[in-house]
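*Asks:* Contents of model_16.cif (mmCIF, C-alpha atoms and all ligand atoms) are below:
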```
data_input
loop_
_atom_site.group_PDB
_atom_site.id
_atom_site.type_symbol
_atom_site.label_atom_id
_atom_site.label_comp_id
_atom_site.auth_asym_id
_atom_site.auth_seq_id
_atom_site.Cartn_x
_atom_site.Cartn_y
_atom_site.Cartn_z
ATOM 1 C CA MET A 1 150.745 153.911 111.687
ATOM 2 C CA SER A 2 149.899 150.893 113.759
ATOM 3 C CA HIS A 3 146.547 150.695 115.473
ATOM 4 C CA LEU A 4 146.068 151.274 119.198
ATOM 5 C CA LEU A 5 144.079 148.036 119.377
ATOM 6 C CA GLU A 6 144.005 145.342 116.775
ATOM 7 C CA ALA A 7 142.124 142.047 116.979
ATOM 8 C CA ARG A 8 142.624 139.275 114.457
ATOM 9 C CA ALA A 9 140.665 136.034 114.207
ATOM 10 C CA LEU A 10 139.305 136.667 117.697
ATOM 11 C CA THR A 11 137.248 133.772 119.020
ATOM 12 C CA GLY A 12 135.773 133.176 122.443
ATOM 13 C CA GLY A 13 132.689 132.090 124.296
ATOM 14 C CA TYR A 14 131.381 130.306 127.327
ATOM 15 C CA GLY A 15 132.514 126.736 127.978
ATOM 16 C CA PRO A 16 131.737 124.712 124.891
ATOM 17 C CA VAL A 17 129.694 127.529 123.345
ATOM 18 C CA GLN A 18 131.719 129.469 120.818
ATOM 19 C CA VAL A 19 130.123 132.923 120.458
ATOM 20 C CA LEU A 20 132.790 134.897 118.580
ATOM 21 C CA ARG A 21 133.630 133.136 115.341
ATOM 22 C CA GLY A 22 136.718 134.973 114.214
ATOM 23 C CA LEU A 23 136.603 138.771 114.402
ATOM 24 C CA ASP A 24 139.026 141.164 112.749
ATOM 25 C CA PHE A 25 138.769 144.773 113.850
ATOM 26 C CA HIS A 26 140.866 147.670 115.012
ATOM 27 C CA VAL A 27 140.627 150.921 116.935
ATOM 28 C CA ASP A 28 142.966 153.835 116.310
ATOM 29 C CA ALA A 29 144.173 156.214 119.004
ATOM 30 C CA GLY A 30 141.682 159.013 119.589
ATOM 31 C CA GLU A 31 138.774 157.302 117.850
ATOM 32 C CA VAL A 32 135.276 156.513 119.068
ATOM 33 C CA VAL A 33 134.311 153.160 117.556
ATOM 34 C CA VAL A 34 130.910 151.539 118.037
ATOM 35 C CA ILE A 35 130.007 147.861 117.831
ATOM 36 C CA LEU A 36 126.376 147.434 116.796
ATOM 37 C CA GLY A 37 124.228 144.355 116.403
ATOM 38 C CA ALA A 38 121.079 142.605 117.532
ATOM 39 C CA ASN A 39 120.580 140.918 120.905
ATOM 40 C CA GLY A 40 122.853 137.939 121.221
ATOM 41 C CA ALA A 41 125.127 138.921 118.326
ATOM 42 C CA GLY A 42 128.166 138.779 120.608
ATOM 43 C CA LYS A 43 128.785 142.443 121.428
ATOM 44 C CA THR A 44 129.150 142.002 125.179
ATOM 45 C CA THR A 45 131.210 138.863 124.612
ATOM 46 C CA THR A 46 133.616 140.850 122.413
ATOM 47 C CA LEU A 47 134.310 143.339 125.215
ATOM 48 C CA ARG A 48 134.707 140.502 127.720
ATOM 49 C CA ALA A 49 137.230 138.822 125.423
ATOM 50 C CA LEU A 50 139.233 142.057 125.129
ATOM 51 C CA SER A 51 139.336 142.685 128.869
ATOM 52 C CA GLY A 52 140.294 139.125 129.788
ATOM 53 C CA MET A 53 137.016 138.211 131.461
ATOM 54 C CA ILE A 54 136.477 135.114 129.314
ATOM 55 C CA PRO A 55 138.948 132.784 127.605
ATOM 56 C CA ALA A 56 139.650 134.036 124.094
ATOM 57 C CA ARG A 57 141.883 133.000 121.219
ATOM 58 C CA GLY A 58 143.329 134.716 118.219
ATOM 59 C CA GLU A 59 145.457 137.814 118.324
ATOM 60 C CA VAL A 60 144.813 140.997 120.266
ATOM 61 C CA VAL A 61 147.541 143.611 120.192
ATOM 62 C CA PHE A 62 147.211 146.754 122.294
ATOM 63 C CA ASP A 63 149.796 149.503 121.984
ATOM 64 C CA GLY A 64 152.225 147.076 120.374
ATOM 65 C CA ARG A 65 151.851 144.336 122.975
ATOM 66 C CA SER A 66 149.911 141.090 122.837
ATOM 67 C CA ILE A 67 147.193 141.023 125.488
ATOM 68 C CA ILE A 68 145.402 137.833 124.538
ATOM 69 C CA GLY A 69 145.136 135.398 127.432
ATOM 70 C CA ARG A 70 146.135 138.021 130.013
ATOM 71 C CA ARG A 71 144.251 138.377 133.243
ATOM 72 C CA PRO A 72 141.835 141.318 133.712
ATOM 73 C CA GLU A 73 144.113 143.013 136.286
ATOM 74 C CA ALA A 74 147.004 142.948 133.827
ATOM 75 C CA ILE A 75 144.853 144.361 131.053
ATOM 76 C CA VAL A 76 143.754 147.288 133.246
ATOM 77 C CA ARG A 77 147.417 148.037 133.913
ATOM 78 C CA PHE A 78 148.104 148.090 130.190
ATOM 79 C CA GLY A 79 145.580 150.944 129.983
ATOM 80 C CA ILE A 80 142.241 149.378 129.100
ATOM 81 C CA ALA A 81 139.263 150.097 131.374
ATOM 82 C CA HIS A 82 135.965 148.246 131.012
ATOM 83 C CA VAL A 83 132.587 149.641 132.071
ATOM 84 C CA PRO A 84 130.412 146.527 132.083
ATOM 85 C CA GLN A 85 126.714 146.294 131.362
ATOM 86 C CA GLY A 86 124.953 147.141 134.608
ATOM 87 C CA ARG A 87 127.754 149.634 135.306
ATOM 88 C CA GLY A 88 129.637 147.992 138.135
ATOM 89 C CA THR A 89 129.483 150.829 140.629
ATOM 90 C CA ILE A 90 129.138 150.008 144.322
ATOM 91 C CA ALA A 91 125.626 150.940 145.425
ATOM 92 C CA ASP A 92 126.347 151.509 149.117
ATOM 93 C CA LEU A 93 129.347 153.763 148.566
ATOM 94 C CA THR A 94 129.035 157.456 147.816
ATOM 95 C CA VAL A 95 129.952 158.954 144.473
ATOM 96 C CA GLU A 96 133.303 160.101 145.792
ATOM 97 C CA GLU A 97 134.072 156.766 147.438
ATOM 98 C CA ASN A 98 133.331 154.990 144.160
ATOM 99 C CA LEU A 99 135.778 157.273 142.385
ATOM 100 C CA ARG A 100 138.471 156.530 144.961
ATOM 101 C CA VAL A 101 137.901 152.782 144.543
ATOM 102 C CA GLY A 102 138.379 153.308 140.812
ATOM 103 C CA ALA A 103 141.844 154.694 141.515
ATOM 104 C CA ILE A 104 142.941 151.692 143.528
ATOM 105 C CA ILE A 105 145.602 150.561 141.062
ATOM 106 C CA ARG A 106 147.256 153.989 141.121
ATOM 107 C CA ARG A 107 150.170 154.850 143.317
ATOM 108 C CA ASP A 108 150.486 158.538 142.472
ATOM 109 C CA ARG A 109 149.190 161.435 144.524
ATOM 110 C CA GLU A 110 147.082 163.085 141.872
ATOM 111 C CA VAL A 111 143.906 161.184 142.571
ATOM 112 C CA GLY A 112 142.240 164.198 144.210
ATOM 113 C CA ALA A 113 143.065 166.405 141.236
ATOM 114 C CA ASP A 114 141.555 163.853 138.860
ATOM 115 C CA ILE A 115 138.389 163.634 140.928
ATOM 116 C CA ASP A 116 138.026 167.415 140.680
ATOM 117 C CA ARG A 117 138.511 167.144 136.947
ATOM 118 C CA TRP A 118 135.733 164.557 136.544
ATOM 119 C CA TYR A 119 133.482 166.757 138.674
ATOM 120 C CA GLU A 120 134.060 169.519 136.134
ATOM 121 C CA MET A 121 133.282 167.166 133.265
ATOM 122 C CA PHE A 122 130.284 165.608 134.999
ATOM 123 C CA PRO A 123 128.756 168.447 137.045
ATOM 124 C CA ARG A 124 125.904 166.190 138.159
ATOM 125 C CA LEU A 125 128.414 164.037 140.015
ATOM 126 C CA ALA A 126 129.827 167.052 141.799
ATOM 127 C CA GLU A 127 126.374 167.961 143.090
ATOM 128 C CA ARG A 128 125.954 164.429 144.384
ATOM 129 C CA ARG A 129 129.396 163.602 145.638
ATOM 130 C CA ASP A 130 128.146 162.501 149.080
ATOM 131 C CA GLN A 131 125.131 160.578 147.821
ATOM 132 C CA ALA A 132 125.077 156.765 147.761
ATOM 133 C CA ALA A 133 125.609 155.595 144.188
ATOM 134 C CA GLY A 134 122.658 153.201 144.415
ATOM 135 C CA SER A 135 120.223 156.029 145.081
ATOM 136 C CA MET A 136 121.109 158.000 141.954
ATOM 137 C CA SER A 137 119.227 157.978 138.673
ATOM 138 C CA GLY A 138 120.273 155.559 135.934
ATOM 139 C CA GLY A 139 121.909 158.329 133.911
ATOM 140 C CA GLU A 140 123.864 159.616 136.892
ATOM 141 C CA GLN A 141 125.013 156.078 137.680
ATOM 142 C CA GLN A 142 126.189 155.632 134.109
ATOM 143 C CA MET A 143 128.178 158.862 134.310
ATOM 144 C CA LEU A 144 129.674 157.707 137.601
ATOM 145 C CA ALA A 145 130.628 154.378 136.024
ATOM 146 C CA ILE A 146 132.434 156.230 133.225
ATOM 147 C CA ALA A 147 134.169 158.614 135.642
ATOM 148 C CA ARG A 148 135.179 155.704 137.830
ATOM 149 C CA ALA A 149 136.723 153.887 134.873
ATOM 150 C CA LEU A 150 138.624 157.077 133.972
ATOM 151 C CA MET A 151 140.232 157.022 137.434
ATOM 152 C CA CYS A 152 142.716 154.425 136.226
ATOM 153 C CA ARG A 153 143.642 156.808 133.396
ATOM 154 C CA PRO A 154 142.937 154.380 130.596
ATOM 155 C CA ARG A 155 144.034 154.961 127.031
ATOM 156 C CA LEU A 156 141.120 152.831 125.870
ATOM 157 C CA LEU A 157 137.684 152.829 127.460
ATOM 158 C CA LEU A 158 135.438 149.823 126.756
ATOM 159 C CA LEU A 159 131.814 150.664 127.378
ATOM 160 C CA ASP A 160 128.991 148.132 127.329
ATOM 161 C CA GLU A 161 125.614 149.497 126.330
ATOM 162 C CA PRO A 162 125.579 152.773 128.245
ATOM 163 C CA SER A 163 121.984 153.452 127.146
ATOM 164 C CA LEU A 164 120.606 150.382 128.921
ATOM 165 C CA GLY A 165 117.483 151.340 130.869
ATOM 166 C CA LEU A 166 117.875 155.059 130.164
ATOM 167 C CA ALA A 167 115.324 157.408 128.612
ATOM 168 C CA PRO A 168 116.359 158.794 125.195
ATOM 169 C CA LEU A 169 117.183 162.280 126.478
ATOM 170 C CA VAL A 170 119.335 160.883 129.263
ATOM 171 C CA THR A 171 121.063 158.562 126.808
ATOM 172 C CA ARG A 172 121.834 161.564 124.638
ATOM 173 C CA GLU A 173 123.359 163.364 127.595
ATOM 174 C CA VAL A 174 125.534 160.360 128.452
ATOM 175 C CA PHE A 175 126.752 160.149 124.848
ATOM 176 C CA GLU A 176 127.470 163.865 124.776
ATOM 177 C CA ARG A 177 129.549 163.541 127.948
ATOM 178 C CA LEU A 178 131.375 160.612 126.381
ATOM 179 C CA ALA A 179 132.180 162.621 123.250
ATOM 180 C CA HIS A 180 133.426 165.400 125.515
ATOM 181 C CA VAL A 181 135.744 162.994 127.388
ATOM 182 C CA ASN A 182 137.066 161.723 124.049
ATOM 183 C CA ARG A 183 137.773 165.252 122.810
ATOM 184 C CA GLU A 184 139.142 166.729 126.016
ATOM 185 C CA LEU A 185 141.227 163.825 127.328
ATOM 186 C CA GLY A 186 141.925 162.101 124.038
ATOM 187 C CA THR A 187 140.655 158.842 125.544
ATOM 188 C CA THR A 188 139.946 156.279 122.841
ATOM 189 C CA VAL A 189 136.502 154.675 123.159
ATOM 190 C CA LEU A 190 135.118 151.331 122.012
ATOM 191 C CA VAL A 191 131.411 151.252 122.815
ATOM 192 C CA VAL A 192 128.841 148.510 122.352
ATOM 193 C CA GLU A 193 125.337 149.815 121.678
ATOM 194 C CA GLN A 194 121.890 148.750 120.601
ATOM 195 C CA ASN A 195 120.857 152.351 120.161
ATOM 196 C CA ALA A 196 122.510 152.653 116.764
ATOM 197 C CA ASN A 197 121.205 156.113 115.937
ATOM 198 C CA LEU A 198 122.769 157.932 118.831
ATOM 199 C CA ALA A 199 125.957 155.919 118.892
ATOM 200 C CA LEU A 200 126.616 156.587 115.204
ATOM 201 C CA GLU A 201 126.194 160.307 115.839
ATOM 202 C CA ILE A 202 129.220 160.434 118.112
ATOM 203 C CA ALA A 203 131.284 157.586 116.641
ATOM 204 C CA ASP A 204 133.971 157.856 113.975
ATOM 205 C CA ARG A 205 133.540 154.293 112.757
ATOM 206 C CA GLY A 206 131.441 151.255 113.430
ATOM 207 C CA TYR A 207 131.268 147.485 113.112
ATOM 208 C CA VAL A 208 128.041 145.525 112.848
ATOM 209 C CA LEU A 209 128.128 142.097 114.473
ATOM 210 C CA GLU A 210 125.861 139.294 113.412
ATOM 211 C CA ALA A 211 125.982 135.871 115.042
ATOM 212 C CA GLY A 212 129.587 136.262 116.128
ATOM 213 C CA LEU A 213 130.911 137.601 112.828
ATOM 214 C CA ILE A 214 131.454 141.095 111.472
ATOM 215 C CA ALA A 215 128.725 141.647 108.913
ATOM 216 C CA ALA A 216 129.497 145.260 107.994
ATOM 217 C CA SER A 217 131.930 147.992 108.896
ATOM 218 C CA GLY A 218 132.733 151.515 107.870
ATOM 219 C CA ARG A 219 132.673 155.165 108.769
ATOM 220 C CA ALA A 220 129.817 156.043 111.097
ATOM 221 C CA ASP A 221 128.172 158.392 108.603
ATOM 222 C CA GLU A 222 128.372 155.741 105.881
ATOM 223 C CA LEU A 223 126.828 153.069 108.100
ATOM 224 C CA ALA A 224 124.088 155.439 109.226
ATOM 225 C CA SER A 225 123.111 156.306 105.671
ATOM 226 C CA ASP A 226 123.481 152.839 104.154
ATOM 227 C CA GLU A 227 119.922 151.651 103.719
ATOM 228 C CA SER A 228 120.735 147.955 103.366
ATOM 229 C CA VAL A 229 122.850 148.001 106.529
ATOM 230 C CA ARG A 230 120.145 149.903 108.357
ATOM 231 C CA LYS A 231 117.339 147.575 107.340
ATOM 232 C CA ALA A 232 119.217 144.319 107.743
ATOM 233 C CA TYR A 233 121.124 144.954 110.923
ATOM 234 C CA LEU A 234 120.087 148.094 112.685
ATOM 235 C CA GLY A 235 116.318 147.701 112.589
ATOM 236 C CA TYR A 236 115.288 151.244 111.732
HETATM 237 P P1 LIG B 301 122.787 141.792 124.238
HETATM 238 O O1 LIG B 301 122.632 143.133 123.656
HETATM 239 O O2 LIG B 301 121.501 141.055 124.340
HETATM 240 O O3 LIG B 301 123.602 141.750 125.484
HETATM 241 P P2 LIG B 301 125.095 140.833 122.836
HETATM 242 O O4 LIG B 301 125.322 141.049 121.375
HETATM 243 O O5 LIG B 301 125.883 141.633 123.767
HETATM 244 O O6 LIG B 301 123.565 140.960 123.115
HETATM 245 P P3 LIG B 301 126.253 138.592 124.134
HETATM 246 O O7 LIG B 301 125.847 138.986 125.505
HETATM 247 O O8 LIG B 301 127.655 138.760 123.726
HETATM 248 O O9 LIG B 301 125.322 139.300 123.075
HETATM 249 O O10 LIG B 301 125.803 137.076 123.951
HETATM 250 C C1 LIG B 301 126.132 136.284 122.825
HETATM 251 C C2 LIG B 301 125.668 134.857 123.056
HETATM 252 O O11 LIG B 301 126.360 134.312 124.175
HETATM 253 C C3 LIG B 301 124.194 134.732 123.366
HETATM 254 O O12 LIG B 301 123.701 133.618 122.667
HETATM 255 C C4 LIG B 301 124.154 134.491 124.859
HETATM 256 O O13 LIG B 301 123.065 133.692 125.211
HETATM 257 C C5 LIG B 301 125.461 133.777 125.117
HETATM 258 N N1 LIG B 301 125.959 134.051 126.481
HETATM 259 C C6 LIG B 301 126.176 135.256 127.029
HETATM 260 N N2 LIG B 301 126.641 135.150 128.297
HETATM 261 C C7 LIG B 301 126.731 133.833 128.550
HETATM 262 C C8 LIG B 301 127.149 133.060 129.676
HETATM 263 N N3 LIG B 301 127.597 133.644 130.802
HETATM 264 N N4 LIG B 301 127.088 131.722 129.574
HETATM 265 C C9 LIG B 301 126.656 131.111 128.443
HETATM 266 N N5 LIG B 301 126.254 131.781 127.352
HETATM 267 C C10 LIG B 301 126.285 133.118 127.391
#
```
As structure tokens, how would this structure be written, given the file I've shared?

*Replies:*
Amino acid sequence: MSHLLEARALTGGYGPVQVLRGLDFHVDAGEVVVILGANGAGKTTTLRALSGMIPARGEVVFDGRSIIGRRPEAIVRFGIAHVPQGRGTIADLTVEENLRVGAIIRRDREVGADIDRWYEMFPRLAERRDQAAGSMSGGEQQMLAIARALMCRPRLLLLDEPSLGLAPLVTREVFERLAHVNRELGTTVLVVEQNANLALEIADRGYVLEAGLIAASGRADELASDESVRKAYLGY
């Protein structure tokens, strides 16, 4: 079976600075895959390369089609949604307005039904549907960012460090919601995380990035129990 997403010899960076030095990785339909690594290893840059936010080279095939060099709007239409670090919700808009903005590329009439569905999946959002996004807690904002990305009905959700700035219990809740979305909707997830422990609990597989290269990869339970990987790359 071919992979949902496959990257080969992926390179990319910022101007003259090459950050990604040739990555090979894949994500299968239905999986949760985590990219781990220290600060500056290139995790965020990898997601930006996949979603067309920075110039990238190499091969990236999504659902049988090459997406390398495509513009971000085109990549969203192919079915890849990106929740950036810092979440990207609009602070002055309410929860519900943010969700409607997330549906902007859709032309169908089922937007309202989807919103109700996310309210079921994220009950905290339902309670706060008329509240300005900027006045919600970090965890609630992260859940809103995920729900908003789901509004374009992606097949693949790219998520950049959802735990950023969140207390451990809140991070756990966000990850549990994410696992729920993966199970219930079948949405495939590629998540970048520094919090290796929690991410490996919900992930099927993982890749460890080091200085723009893949230093280790494997099943999540194998990575979590591999002492040399843990000590060298995960810092616990
Ligand atoms: P972190 O967890 O700290 O975000 P990361 O693994 O996601 O780490 P990246 O954000 O991908 O790392 O950064 C990789 C390298 O690219 C770093 O050396 C960083 O300084 C550099 N970099 C990131 N963004 C830019 C930018 N806009 N312009 C120039 N260099 C950048």

*Asks:* Do you have, as CSV, the list of residues of range 116-137 of chain A lying at most 10 Å from range 144-168 of chain A, each with its nearest atom pair and that distance in Å to one decimal, counting all atoms listed in the file and ordered by chain then number?

*Replies:*
```
residue,atom,partner,partner_atom,distance
A:Arg117,CA,A:Ala147,CA,9.7
A:Trp118,CA,A:Ala147,CA,6.2
A:Tyr119,CA,A:Ala147,CA,8.7
A:Met121,CA,A:Ala147,CA,8.9
A:Phe122,CA,A:Ala147,CA,8.0
A:Arg124,CA,A:Leu144,CA,9.3
A:Leu125,CA,A:Leu144,CA,6.9
A:Arg129,CA,A:Leu144,CA,10.0
A:Ala133,CA,A:Leu144,CA,8.0
A:Met136,CA,A:Leu144,CA,9.6
A:Ser137,CA,A:Leu166,CA,9.1
```

*Asks:* Save the residues we just selected, C-alpha atoms, as a CSV table (one decimal), in the coordinates of the input?

*Replies:*
```
chain,number,residue,atom,x,y,z
A,117,ARG,CA,138.5,167.1,136.9
A,118,TRP,CA,135.7,164.6,136.5
A,119,TYR,CA,133.5,166.8,138.7
A,121,MET,CA,133.3,167.2,133.3
A,122,PHE,CA,130.3,165.6,135.0
A,124,ARG,CA,125.9,166.2,138.2
A,125,LEU,CA,128.4,164.0,140.0
A,129,ARG,CA,129.4,163.6,145.6
A,133,ALA,CA,125.6,155.6,144.2
A,136,MET,CA,121.1,158.0,142.0
A,137,SER,CA,119.2,158.0,138.7
```

*Asks:* Considering only C-alpha atoms and all ligand atoms, give me a table of residues in chain A that are at most 6 Å from ligand LIG 301 (chain B), with the closest atom pair and distance in Å for each, as a tab-separated table.

*Replies:*
```
residue	atom	partner	partner_atom	distance
A:Tyr14	CA	B:LIG301	C9	4.9
A:Val19	CA	B:LIG301	O11	5.5
A:Ala38	CA	B:LIG301	O4	5.9
A:Asn39	CA	B:LIG301	O2	3.6
A:Gly40	CA	B:LIG301	O9	3.4
A:Ala41	CA	B:LIG301	O4	3.7
A:Gly42	CA	B:LIG301	O8	3.2
A:Lys43	CA	B:LIG301	O4	3.7
A:Thr44	CA	B:LIG301	O5	3.6
A:Thr45	CA	B:LIG301	O8	3.7
```

*Asks:* Can you list every residue of range 150-198 of chain A that has an atom at most 9 Å from range 217-236 of chain A, with its nearest atom pair and the distance in Å to one decimal, using only C-alpha atoms, ordered by chain then number, as a tab-separated table?

*Replies:*
```
residue	atom	partner	partner_atom	distance
A:Gln194	CA	A:Leu234	CA	8.1
A:Asn195	CA	A:Leu234	CA	8.6
A:Ala196	CA	A:Leu234	CA	6.6
A:Asn197	CA	A:Ala224	CA	7.3
```

*Asks:* Can you list, as a list in words, every protein, DNA or RNA residue that comes within 7 Å of Leu93 in chain A when you count all atoms listed in the file, leaving out same-chain residues fewer than 4 positions away?

*Replies:*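 Non-adjacent residues within range: Glu97, Asn98, Ala132 and Ala133 of chain A.
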
*Asks:* Keeping only C-alpha atoms, write the selected residues as a compact mmCIF listing (two decimals), in the frame of the given file.

*Replies:*
```
# COMPACT_ATOMS: atom_id res chain seq x y z
CA GLU A 97 134.07 156.77 147.44
CA ASN A 98 133.33 154.99 144.16
CA ALA A 132 125.08 156.76 147.76
CA ALA A 133 125.61 155.60 144.19
```

*Asks:* Could you list, as a count of residues only, every residue matched by the PyMOL selection byres (((chain A and resi 3) around 8) and not hetatm) in this structure?

*Replies:* 11

*Asks:* As an exercise, work out the distance from CA of Ile67 in chain A to CA of Leu190 in chain A in Å and give it to one decimal place.

*Replies:*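 If I compute the distance from CA of Ile67 in chain A to CA of Leu190 in chain A, I get 16.3 Å.
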
*Asks:* Where atoms are missing, can you supply N, CA, C and O atoms for range 50-66 of chain A and output the lot as a PDB file, in the frame of the given file?

*Replies:*
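In the end it all went to selection.pdb:
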```pdb
ATOM      1  N   LEU A  50     138.148 141.068 125.149  1.00  0.00           N
ATOM      2  CA  LEU A  50     139.233 142.057 125.129  1.00  0.00           C
ATOM      3  C   LEU A  50     139.774 142.327 126.524  1.00  0.00           C
ATOM      4  O   LEU A  50     140.959 142.554 126.708  1.00  0.00           O
ATOM      5  N   SER A  51     138.878 142.319 127.525  1.00  0.00           N
ATOM      6  CA  SER A  51     139.336 142.685 128.869  1.00  0.00           C
ATOM      7  C   SER A  51     139.716 141.470 129.712  1.00  0.00           C
ATOM      8  O   SER A  51     139.959 141.599 130.904  1.00  0.00           O
ATOM      9  N   GLY A  52     139.775 140.308 129.095  1.00  0.00           N
ATOM     10  CA  GLY A  52     140.294 139.125 129.788  1.00  0.00           C
ATOM     11  C   GLY A  52     139.302 138.443 130.706  1.00  0.00           C
ATOM     12  O   GLY A  52     139.678 137.624 131.537  1.00  0.00           O
ATOM     13  N   MET A  53     138.008 138.797 130.556  1.00  0.00           N
ATOM     14  CA  MET A  53     137.016 138.211 131.461  1.00  0.00           C
ATOM     15  C   MET A  53     136.567 136.820 131.029  1.00  0.00           C
ATOM     16  O   MET A  53     135.979 136.092 131.831  1.00  0.00           O
ATOM     17  N   ILE A  54     136.776 136.480 129.775  1.00  0.00           N
ATOM     18  CA  ILE A  54     136.477 135.114 129.314  1.00  0.00           C
ATOM     19  C   ILE A  54     137.689 134.616 128.508  1.00  0.00           C
ATOM     20  O   ILE A  54     138.457 135.420 127.995  1.00  0.00           O
ATOM     21  N   PRO A  55     137.835 133.294 128.417  1.00  0.00           N
ATOM     22  CA  PRO A  55     138.948 132.784 127.605  1.00  0.00           C
ATOM     23  C   PRO A  55     138.738 133.152 126.137  1.00  0.00           C
ATOM     24  O   PRO A  55     137.619 133.030 125.632  1.00  0.00           O
ATOM     25  N   ALA A  56     139.770 133.652 125.496  1.00  0.00           N
ATOM     26  CA  ALA A  56     139.650 134.036 124.094  1.00  0.00           C
ATOM     27  C   ALA A  56     140.891 133.578 123.346  1.00  0.00           C
ATOM     28  O   ALA A  56     141.944 133.390 123.943  1.00  0.00           O
ATOM     29  N   ARG A  57     140.735 133.386 122.047  1.00  0.00           N
ATOM     30  CA  ARG A  57     141.883 133.000 121.219  1.00  0.00           C
ATOM     31  C   ARG A  57     141.956 133.904 120.010  1.00  0.00           C
ATOM     32  O   ARG A  57     141.006 134.605 119.692  1.00  0.00           O
ATOM     33  N   GLY A  58     143.081 133.830 119.348  1.00  0.00           N
ATOM     34  CA  GLY A  58     143.329 134.716 118.219  1.00  0.00           C
ATOM     35  C   GLY A  58     144.423 135.684 118.624  1.00  0.00           C
ATOM     36  O   GLY A  58     145.216 135.372 119.522  1.00  0.00           O
ATOM     37  N   GLU A  59     144.432 136.831 117.982  1.00  0.00           N
ATOM     38  CA  GLU A  59     145.457 137.814 118.324  1.00  0.00           C
ATOM     39  C   GLU A  59     144.784 139.092 118.785  1.00  0.00           C
ATOM     40  O   GLU A  59     143.855 139.574 118.118  1.00  0.00           O
ATOM     41  N   VAL A  60     145.231 139.639 119.906  1.00  0.00           N
ATOM     42  CA  VAL A  60     144.813 140.997 120.266  1.00  0.00           C
ATOM     43  C   VAL A  60     146.075 141.760 120.666  1.00  0.00           C
ATOM     44  O   VAL A  60     146.770 141.375 121.606  1.00  0.00           O
ATOM     45  N   VAL A  61     146.357 142.804 119.905  1.00  0.00           N
ATOM     46  CA  VAL A  61     147.541 143.611 120.192  1.00  0.00           C
ATOM     47  C   VAL A  61     147.076 144.992 120.627  1.00  0.00           C
ATOM     48  O   VAL A  61     146.260 145.623 119.942  1.00  0.00           O
ATOM     49  N   PHE A  62     147.550 145.427 121.792  1.00  0.00           N
ATOM     50  CA  PHE A  62     147.211 146.754 122.294  1.00  0.00           C
ATOM     51  C   PHE A  62     148.503 147.524 122.492  1.00  0.00           C
ATOM     52  O   PHE A  62     149.399 147.063 123.206  1.00  0.00           O
ATOM     53  N   ASP A  63     148.612 148.658 121.824  1.00  0.00           N
ATOM     54  CA  ASP A  63     149.796 149.503 121.984  1.00  0.00           C
ATOM     55  C   ASP A  63     151.081 148.696 121.749  1.00  0.00           C
ATOM     56  O   ASP A  63     152.042 148.818 122.509  1.00  0.00           O
ATOM     57  N   GLY A  64     151.028 147.835 120.751  1.00  0.00           N
ATOM     58  CA  GLY A  64     152.225 147.076 120.374  1.00  0.00           C
ATOM     59  C   GLY A  64     152.475 145.806 121.167  1.00  0.00           C
ATOM     60  O   GLY A  64     153.426 145.084 120.901  1.00  0.00           O
ATOM     61  N   ARG A  65     151.625 145.528 122.155  1.00  0.00           N
ATOM     62  CA  ARG A  65     151.851 144.336 122.975  1.00  0.00           C
ATOM     63  C   ARG A  65     150.673 143.367 122.894  1.00  0.00           C
ATOM     64  O   ARG A  65     149.518 143.799 122.876  1.00  0.00           O
ATOM     65  N   SER A  66     150.981 142.088 122.889  1.00  0.00           N
ATOM     66  CA  SER A  66     149.911 141.090 122.837  1.00  0.00           C
ATOM     67  C   SER A  66     149.224 141.015 124.201  1.00  0.00           C
ATOM     68  O   SER A  66     149.885 140.889 125.232  1.00  0.00           O
TER      69      SER A  66
END
```
